[in-house]
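As provided, structure_11.pdb (PDB, C-alpha atoms) reads as follows.
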```pdb
ATOM      1  CA  MET A   1       3.086  22.315  15.562  1.00  0.00           C
ATOM      2  CA  SER A   2       1.605  19.416  17.464  1.00  0.00           C
ATOM      3  CA  SER A   3       4.737  17.383  16.716  1.00  0.00           C
ATOM      4  CA  GLU A   4       8.194  18.046  15.330  1.00  0.00           C
ATOM      5  CA  PRO A   5       8.504  16.274  12.012  1.00  0.00           C
ATOM      6  CA  THR A   6      11.632  16.373   9.901  1.00  0.00           C
ATOM      7  CA  PRO A   7      11.468  17.294   6.217  1.00  0.00           C
ATOM      8  CA  PRO A   8      10.254  16.330   3.764  1.00  0.00           C
ATOM      9  CA  TYR A   9       6.624  16.920   4.728  1.00  0.00           C
ATOM     10  CA  VAL A  10       3.746  18.838   3.172  1.00  0.00           C
ATOM     11  CA  ALA A  11       2.621  22.422   3.822  1.00  0.00           C
ATOM     12  CA  VAL A  12      -0.754  23.645   2.541  1.00  0.00           C
ATOM     13  CA  ILE A  13      -0.569  27.433   2.334  1.00  0.00           C
ATOM     14  CA  PHE A  14      -4.084  28.901   2.339  1.00  0.00           C
ATOM     15  CA  THR A  15      -4.233  32.660   1.806  1.00  0.00           C
ATOM     16  CA  SER A  16      -7.584  34.414   1.795  1.00  0.00           C
ATOM     17  CA  ARG A  17      -9.346  37.725   1.881  1.00  0.00           C
ATOM     18  CA  LEU A  18     -12.604  37.949   3.805  1.00  0.00           C
ATOM     19  CA  ASN A  19     -15.464  39.863   2.209  1.00  0.00           C
ATOM     20  CA  ALA A  20     -16.695  43.113   3.754  1.00  0.00           C
ATOM     21  CA  ALA A  21     -19.699  41.539   5.489  1.00  0.00           C
ATOM     22  CA  THR A  22     -17.506  38.943   7.185  1.00  0.00           C
ATOM     23  CA  CYS A  23     -14.991  41.611   8.252  1.00  0.00           C
ATOM     24  CA  ARG A  24     -17.857  43.505   9.917  1.00  0.00           C
ATOM     25  CA  ASP A  25     -19.151  40.426  11.718  1.00  0.00           C
ATOM     26  CA  PRO A  26     -16.659  37.542  11.649  1.00  0.00           C
ATOM     27  CA  ARG A  27     -18.251  35.499  14.455  1.00  0.00           C
ATOM     28  CA  GLU A  28     -19.718  32.629  12.409  1.00  0.00           C
ATOM     29  CA  TYR A  29     -16.589  32.487  10.292  1.00  0.00           C
ATOM     30  CA  GLU A  30     -14.324  32.408  13.350  1.00  0.00           C
ATOM     31  CA  GLU A  31     -16.399  29.704  15.036  1.00  0.00           C
ATOM     32  CA  MET A  32     -16.133  27.593  11.902  1.00  0.00           C
ATOM     33  CA  SER A  33     -12.373  28.204  11.732  1.00  0.00           C
ATOM     34  CA  VAL A  34     -11.933  26.901  15.263  1.00  0.00           C
ATOM     35  CA  ARG A  35     -14.075  23.843  14.504  1.00  0.00           C
ATOM     36  CA  MET A  36     -12.135  23.113  11.307  1.00  0.00           C
ATOM     37  CA  GLU A  37      -8.747  23.406  13.040  1.00  0.00           C
ATOM     38  CA  GLN A  38      -9.999  20.943  15.643  1.00  0.00           C
ATOM     39  CA  LEU A  39     -11.335  18.562  12.984  1.00  0.00           C
ATOM     40  CA  ALA A  40      -8.114  18.843  10.946  1.00  0.00           C
ATOM     41  CA  SER A  41      -6.089  17.885  14.007  1.00  0.00           C
ATOM     42  CA  GLU A  42      -8.008  14.589  14.191  1.00  0.00           C
ATOM     43  CA  GLN A  43      -7.161  13.554  10.612  1.00  0.00           C
ATOM     44  CA  PRO A  44      -4.516  11.000   9.576  1.00  0.00           C
ATOM     45  CA  GLY A  45      -1.161  12.583   8.826  1.00  0.00           C
ATOM     46  CA  PHE A  46      -1.918  15.910  10.507  1.00  0.00           C
ATOM     47  CA  LEU A  47       1.242  17.571  11.846  1.00  0.00           C
ATOM     48  CA  GLY A  48       0.049  21.039  12.842  1.00  0.00           C
ATOM     49  CA  VAL A  49      -1.604  24.281  11.768  1.00  0.00           C
ATOM     50  CA  GLU A  50      -0.702  27.963  12.116  1.00  0.00           C
ATOM     51  CA  SER A  51      -2.982  30.846  11.303  1.00  0.00           C
ATOM     52  CA  ALA A  52      -2.934  34.645  11.364  1.00  0.00           C
ATOM     53  CA  ARG A  53      -5.110  37.398   9.914  1.00  0.00           C
ATOM     54  CA  ARG A  54      -4.626  41.097   9.310  1.00  0.00           C
ATOM     55  CA  THR A  55      -7.241  43.621  10.353  1.00  0.00           C
ATOM     56  CA  ASP A  56      -7.859  44.319   6.630  1.00  0.00           C
ATOM     57  CA  GLY A  57      -9.237  40.774   6.279  1.00  0.00           C
ATOM     58  CA  THR A  58      -6.180  39.159   4.663  1.00  0.00           C
ATOM     59  CA  GLY A  59      -5.313  35.855   6.290  1.00  0.00           C
ATOM     60  CA  ILE A  60      -2.752  33.087   6.045  1.00  0.00           C
ATOM     61  CA  THR A  61      -3.297  29.555   7.341  1.00  0.00           C
ATOM     62  CA  VAL A  62      -0.597  26.938   6.896  1.00  0.00           C
ATOM     63  CA  SER A  63      -1.414  23.328   7.714  1.00  0.00           C
ATOM     64  CA  TYR A  64       1.251  20.629   7.794  1.00  0.00           C
ATOM     65  CA  TRP A  65       0.803  16.994   6.731  1.00  0.00           C
ATOM     66  CA  VAL A  66       2.901  13.869   6.419  1.00  0.00           C
ATOM     67  CA  THR A  67       2.010  13.337   2.747  1.00  0.00           C
ATOM     68  CA  THR A  68       0.169  15.084  -0.079  1.00  0.00           C
ATOM     69  CA  GLU A  69      -2.413  12.279   0.095  1.00  0.00           C
ATOM     70  CA  ASP A  70      -3.145  13.200   3.727  1.00  0.00           C
ATOM     71  CA  ALA A  71      -3.680  16.845   2.733  1.00  0.00           C
ATOM     72  CA  VAL A  72      -5.957  15.860  -0.163  1.00  0.00           C
ATOM     73  CA  ALA A  73      -7.941  13.496   2.079  1.00  0.00           C
ATOM     74  CA  TRP A  74      -8.554  16.356   4.535  1.00  0.00           C
ATOM     75  CA  LYS A  75      -9.856  18.531   1.694  1.00  0.00           C
ATOM     76  CA  ARG A  76     -12.447  15.795   1.008  1.00  0.00           C
ATOM     77  CA  VAL A  77     -13.729  15.277   4.549  1.00  0.00           C
ATOM     78  CA  HIS A  78     -17.486  15.881   4.483  1.00  0.00           C
ATOM     79  CA  LYS A  79     -17.728  18.556   7.175  1.00  0.00           C
ATOM     80  CA  HIS A  80     -14.705  20.277   5.693  1.00  0.00           C
ATOM     81  CA  ARG A  81     -16.386  20.291   2.277  1.00  0.00           C
ATOM     82  CA  GLU A  82     -19.429  21.951   3.854  1.00  0.00           C
ATOM     83  CA  ALA A  83     -17.184  24.596   5.421  1.00  0.00           C
ATOM     84  CA  GLN A  84     -15.420  25.160   2.085  1.00  0.00           C
ATOM     85  CA  ALA A  85     -18.788  25.683   0.395  1.00  0.00           C
ATOM     86  CA  ARG A  86     -19.810  28.280   2.973  1.00  0.00           C
ATOM     87  CA  GLY A  87     -16.413  29.927   2.566  1.00  0.00           C
ATOM     88  CA  ARG A  88     -16.907  30.267  -1.171  1.00  0.00           C
ATOM     89  CA  THR A  89     -20.462  31.592  -0.966  1.00  0.00           C
ATOM     90  CA  GLU A  90     -20.535  33.538   2.316  1.00  0.00           C
ATOM     91  CA  TRP A  91     -17.124  34.481   3.705  1.00  0.00           C
ATOM     92  CA  TYR A  92     -14.288  34.822   1.202  1.00  0.00           C
ATOM     93  CA  GLU A  93     -13.817  37.509  -1.385  1.00  0.00           C
ATOM     94  CA  SER A  94     -10.937  35.440  -2.747  1.00  0.00           C
ATOM     95  CA  TYR A  95      -8.550  32.696  -1.704  1.00  0.00           C
ATOM     96  CA  LYS A  96      -5.589  30.728  -2.965  1.00  0.00           C
ATOM     97  CA  VAL A  97      -4.349  27.288  -1.962  1.00  0.00           C
ATOM     98  CA  ARG A  98      -0.768  26.184  -2.553  1.00  0.00           C
ATOM     99  CA  ILE A  99       0.421  22.635  -1.868  1.00  0.00           C
ATOM    100  CA  ALA A 100       4.128  22.649  -1.121  1.00  0.00           C
ATOM    101  CA  THR A 101       6.794  20.215   0.010  1.00  0.00           C
ATOM    102  CA  VAL A 102       8.996  21.443   2.854  1.00  0.00           C
ATOM    103  CA  GLY A 103      12.553  20.423   2.025  1.00  0.00           C
ATOM    104  CA  ARG A 104      14.534  22.324   4.673  1.00  0.00           C
ATOM    105  CA  GLU A 105      13.851  24.110   7.922  1.00  0.00           C
ATOM    106  CA  TYR A 106      15.640  25.810  10.767  1.00  0.00           C
ATOM    107  CA  ALA A 107      14.587  27.547  13.960  1.00  0.00           C
ATOM    108  CA  GLY A 108      15.917  30.274  16.222  1.00  0.00           C
ATOM    109  CA  PRO A 109      17.144  32.155  18.091  1.00  0.00           C
ATOM    110  CA  ASP A 110      19.740  29.540  19.034  1.00  0.00           C
TER     111      ASP A 110
ATOM    112  CA  MET B   1       1.747  38.330  -5.437  1.00  0.00           C
ATOM    113  CA  SER B   2       3.506  40.802  -7.670  1.00  0.00           C
ATOM    114  CA  SER B   3       3.216  38.333 -10.555  1.00  0.00           C
ATOM    115  CA  GLU B   4       1.406  35.088 -11.241  1.00  0.00           C
ATOM    116  CA  PRO B   5       3.976  32.339 -11.542  1.00  0.00           C
ATOM    117  CA  THR B   6       3.086  28.747 -12.262  1.00  0.00           C
ATOM    118  CA  PRO B   7       4.446  25.943 -10.074  1.00  0.00           C
ATOM    119  CA  PRO B   8       7.015  24.802  -9.329  1.00  0.00           C
ATOM    120  CA  TYR B   9       8.350  27.790  -7.407  1.00  0.00           C
ATOM    121  CA  VAL B  10       9.673  28.301  -3.898  1.00  0.00           C
ATOM    122  CA  ALA B  11       7.817  29.425  -0.765  1.00  0.00           C
ATOM    123  CA  VAL B  12       9.730  30.481   2.340  1.00  0.00           C
ATOM    124  CA  ILE B  13       7.377  30.108   5.303  1.00  0.00           C
ATOM    125  CA  PHE B  14       8.585  32.252   8.200  1.00  0.00           C
ATOM    126  CA  THR B  15       6.618  31.827  11.419  1.00  0.00           C
ATOM    127  CA  SER B  16       7.547  33.836  14.476  1.00  0.00           C
ATOM    128  CA  ARG B  17       6.521  34.917  17.926  1.00  0.00           C
ATOM    129  CA  LEU B  18       7.393  38.447  19.023  1.00  0.00           C
ATOM    130  CA  ASN B  19       8.744  38.897  22.539  1.00  0.00           C
ATOM    131  CA  ALA B  20       6.691  40.790  25.126  1.00  0.00           C
ATOM    132  CA  ALA B  21       8.612  44.055  24.766  1.00  0.00           C
ATOM    133  CA  THR B  22       8.052  44.083  21.001  1.00  0.00           C
ATOM    134  CA  CYS B  23       4.357  43.295  21.441  1.00  0.00           C
ATOM    135  CA  ARG B  24       4.062  46.340  23.725  1.00  0.00           C
ATOM    136  CA  ASP B  25       5.872  48.626  21.302  1.00  0.00           C
ATOM    137  CA  PRO B  26       6.184  47.103  17.829  1.00  0.00           C
ATOM    138  CA  ARG B  27       7.013  50.352  15.987  1.00  0.00           C
ATOM    139  CA  GLU B  28      10.700  49.740  15.232  1.00  0.00           C
ATOM    140  CA  TYR B  29       9.957  46.139  14.332  1.00  0.00           C
ATOM    141  CA  GLU B  30       7.120  47.142  12.022  1.00  0.00           C
ATOM    142  CA  GLU B  31       9.190  49.812  10.314  1.00  0.00           C
ATOM    143  CA  MET B  32      11.915  47.246   9.679  1.00  0.00           C
ATOM    144  CA  SER B  33       9.346  44.757   8.340  1.00  0.00           C
ATOM    145  CA  VAL B  34       8.123  47.298   5.803  1.00  0.00           C
ATOM    146  CA  ARG B  35      11.701  48.104   4.748  1.00  0.00           C
ATOM    147  CA  MET B  36      12.568  44.420   4.402  1.00  0.00           C
ATOM    148  CA  GLU B  37       9.475  43.658   2.296  1.00  0.00           C
ATOM    149  CA  GLN B  38      10.464  46.549   0.021  1.00  0.00           C
ATOM    150  CA  LEU B  39      14.076  45.352  -0.192  1.00  0.00           C
ATOM    151  CA  ALA B  40      12.977  41.753  -0.827  1.00  0.00           C
ATOM    152  CA  SER B  41      10.804  42.931  -3.719  1.00  0.00           C
ATOM    153  CA  GLU B  42      13.928  44.340  -5.414  1.00  0.00           C
ATOM    154  CA  GLN B  43      15.852  41.024  -5.334  1.00  0.00           C
ATOM    155  CA  PRO B  44      16.346  38.653  -8.278  1.00  0.00           C
ATOM    156  CA  GLY B  45      13.708  35.947  -8.428  1.00  0.00           C
ATOM    157  CA  PHE B  46      11.249  37.655  -6.061  1.00  0.00           C
ATOM    158  CA  LEU B  47       7.642  36.698  -6.832  1.00  0.00           C
ATOM    159  CA  GLY B  48       5.706  38.123  -3.890  1.00  0.00           C
ATOM    160  CA  VAL B  49       5.248  38.216  -0.135  1.00  0.00           C
ATOM    161  CA  GLU B  50       2.242  37.834   2.173  1.00  0.00           C
ATOM    162  CA  SER B  51       2.230  38.535   5.874  1.00  0.00           C
ATOM    163  CA  ALA B  52      -0.194  38.463   8.816  1.00  0.00           C
ATOM    164  CA  ARG B  53       0.152  38.602  12.583  1.00  0.00           C
ATOM    165  CA  ARG B  54      -2.130  37.717  15.491  1.00  0.00           C
ATOM    166  CA  THR B  55      -2.637  40.106  18.372  1.00  0.00           C
ATOM    167  CA  ASP B  56      -0.843  37.553  20.588  1.00  0.00           C
ATOM    168  CA  GLY B  57       2.372  38.216  18.621  1.00  0.00           C
ATOM    169  CA  THR B  58       2.325  35.092  16.440  1.00  0.00           C
ATOM    170  CA  GLY B  59       3.029  35.911  12.813  1.00  0.00           C
ATOM    171  CA  ILE B  60       3.326  34.220   9.450  1.00  0.00           C
ATOM    172  CA  THR B  61       5.197  35.665   6.477  1.00  0.00           C
ATOM    173  CA  VAL B  62       5.413  33.714   3.245  1.00  0.00           C
ATOM    174  CA  SER B  63       7.745  34.956   0.517  1.00  0.00           C
ATOM    175  CA  TYR B  64       7.770  33.431  -2.950  1.00  0.00           C
ATOM    176  CA  TRP B  65      10.822  32.984  -5.183  1.00  0.00           C
ATOM    177  CA  VAL B  66      11.643  31.521  -8.581  1.00  0.00           C
ATOM    178  CA  THR B  67      14.344  29.207  -7.186  1.00  0.00           C
ATOM    179  CA  THR B  68      15.789  28.084  -3.846  1.00  0.00           C
ATOM    180  CA  GLU B  69      19.009  29.896  -4.818  1.00  0.00           C
ATOM    181  CA  ASP B  70      17.058  33.171  -5.075  1.00  0.00           C
ATOM    182  CA  ALA B  71      15.626  32.630  -1.580  1.00  0.00           C
ATOM    183  CA  VAL B  72      19.057  31.786  -0.143  1.00  0.00           C
ATOM    184  CA  ALA B  73      20.614  34.835  -1.834  1.00  0.00           C
ATOM    185  CA  TRP B  74      17.982  37.074  -0.198  1.00  0.00           C
ATOM    186  CA  LYS B  75      18.835  35.593   3.204  1.00  0.00           C
ATOM    187  CA  ARG B  76      22.445  36.729   2.622  1.00  0.00           C
ATOM    188  CA  VAL B  77      21.775  40.325   1.535  1.00  0.00           C
ATOM    189  CA  HIS B  78      23.715  42.584   3.913  1.00  0.00           C
ATOM    190  CA  LYS B  79      20.843  44.778   5.144  1.00  0.00           C
ATOM    191  CA  HIS B  80      18.685  41.685   5.526  1.00  0.00           C
ATOM    192  CA  ARG B  81      21.401  40.049   7.631  1.00  0.00           C
ATOM    193  CA  GLU B  82      21.420  43.129   9.860  1.00  0.00           C
ATOM    194  CA  ALA B  83      17.635  42.887  10.249  1.00  0.00           C
ATOM    195  CA  GLN B  84      17.882  39.174  11.035  1.00  0.00           C
ATOM    196  CA  ALA B  85      20.443  39.912  13.760  1.00  0.00           C
ATOM    197  CA  ARG B  86      18.155  42.511  15.351  1.00  0.00           C
ATOM    198  CA  GLY B  87      15.289  40.041  15.095  1.00  0.00           C
ATOM    199  CA  ARG B  88      17.237  37.400  16.981  1.00  0.00           C
ATOM    200  CA  THR B  89      18.471  39.733  19.721  1.00  0.00           C
ATOM    201  CA  GLU B  90      15.667  42.290  20.072  1.00  0.00           C
ATOM    202  CA  TRP B  91      12.330  41.247  18.595  1.00  0.00           C
ATOM    203  CA  TYR B  92      11.653  37.517  18.377  1.00  0.00           C
ATOM    204  CA  GLU B  93      10.988  35.129  21.199  1.00  0.00           C
ATOM    205  CA  SER B  94      11.211  32.336  18.635  1.00  0.00           C
ATOM    206  CA  TYR B  95      10.939  31.751  14.908  1.00  0.00           C
ATOM    207  CA  LYS B  96      11.016  28.986  12.353  1.00  0.00           C
ATOM    208  CA  VAL B  97      11.891  29.085   8.660  1.00  0.00           C
ATOM    209  CA  ARG B  98      10.711  26.435   6.225  1.00  0.00           C
ATOM    210  CA  ILE B  99      11.856  26.327   2.601  1.00  0.00           C
ATOM    211  CA  ALA B 100       9.227  24.616   0.485  1.00  0.00           C
ATOM    212  CA  THR B 101       8.568  23.910  -3.171  1.00  0.00           C
ATOM    213  CA  VAL B 102       5.057  24.737  -4.366  1.00  0.00           C
ATOM    214  CA  GLY B 103       3.951  21.922  -6.634  1.00  0.00           C
ATOM    215  CA  ARG B 104       0.236  22.703  -7.118  1.00  0.00           C
ATOM    216  CA  GLU B 105      -2.067  25.624  -6.558  1.00  0.00           C
ATOM    217  CA  TYR B 106      -5.630  26.708  -7.163  1.00  0.00           C
ATOM    218  CA  ALA B 107      -7.667  29.801  -6.470  1.00  0.00           C
ATOM    219  CA  GLY B 108     -11.281  30.673  -5.808  1.00  0.00           C
ATOM    220  CA  PRO B 109     -14.116  31.339  -5.650  1.00  0.00           C
ATOM    221  CA  ASP B 110     -14.518  30.559  -9.357  1.00  0.00           C
TER     222      ASP B 110
END
```
Could you rewrite the structure in this file as structure tokens?
Amino acid sequence: MSSEPTPPYVAVIFTSRLNAATCRDPREYEEMSVRMEQLASEQPGFLGVESARRTDGTGITVSYWVTTEDAVAWKRVHKHREAQARGRTEWYESYKVRIATVGREYAGPD
Amino acid sequence: MSSEPTPPYVAVIFTSRLNAATCRDPREYEEMSVRMEQLASEQPGFLGVESARRTDGTGITVSYWVTTEDAVAWKRVHKHREAQARGRTEWYESYKVRIATVGREYAGPD
């Protein structure tokens, strides 16, 4: 996290499965992912992003935002829309987006 | 997901960083992770779990539950408590748990 907010704040949970072609050669996809994380970090209300992917192509990215409106505004940013379109047509076999409100949190080990 | 719930439901976002020793030899940790995912799937209110980890040891596990009470009850299951204790003392450099309510979701490509 680029800052340490206190709840409530918004988490966008993006789970995806890359298609076979992208698993074989993920370079363009990975370059775009890096660019989108950078661009996200410049948006109003951005709190942080965490991302991990399994070798089978299943990935989880969670981005954190001050408000739902901030998360929705990021979805509509032009270059992000272009990346989403390429994701749908070129990279993802499937994906799911969940918009959630973080109500409680704790960290460890203490 | 083992079922397809409709919002609202609960997502527990567990992000962690393995310590160096666990990164070098993650076998015990991974065996425990598999056992805990199995045990979680047997608990009341369990909806599903998704997990991914980076080669640098950073991981994200999101488990989904019908209610916050279901998620809290899972945290208190005896064998899960034992696993949490080993996580704190043996496996994790750091971790964070966020309890969130999923309010909206969508999937693709359509």
Check your understanding: Which residues match the ChimeraX specification (/A :<7) & /B in the file above, as a VMD selection string?
Key -> chain B and resid 52 to 54 59 to 60 88 94 to 109
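Atom CA of Gly45 of chain B sits 8.5 Å away from atom CA of Tyr64 of chain B.
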Six-sided padding of 8 Å per side, axis-aligned box over segment 49-55 of chain B, centre and edges in Å, one decimal, as AutoDock Vina command-line options:
```
--center_x 1.3 --center_y 38.9 --center_z 9.1 --size_x 23.9 --size_y 18.4 --size_z 34.5
```
Practice item. Work out how far apart atom CA of Asn19 of chain A and atom CA of Ala83 of chain A are and give it in Å to one decimal. Key: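 That distance, rounded to one decimal, is 15.7 Å.
The space separating atom CA of Ser63 of chain A from atom CA of Ala20 of chain A comes to 25.3 Å.
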Practice item. Pull out every residue that the PyMOL selection byres ((chain A and resi 33-40) around 12) matches in the shown coordinates and put them as a PyMOL selection string. Key: chain A and resi 2+26-32+41-53+59+61-65+70-84+86-87+91
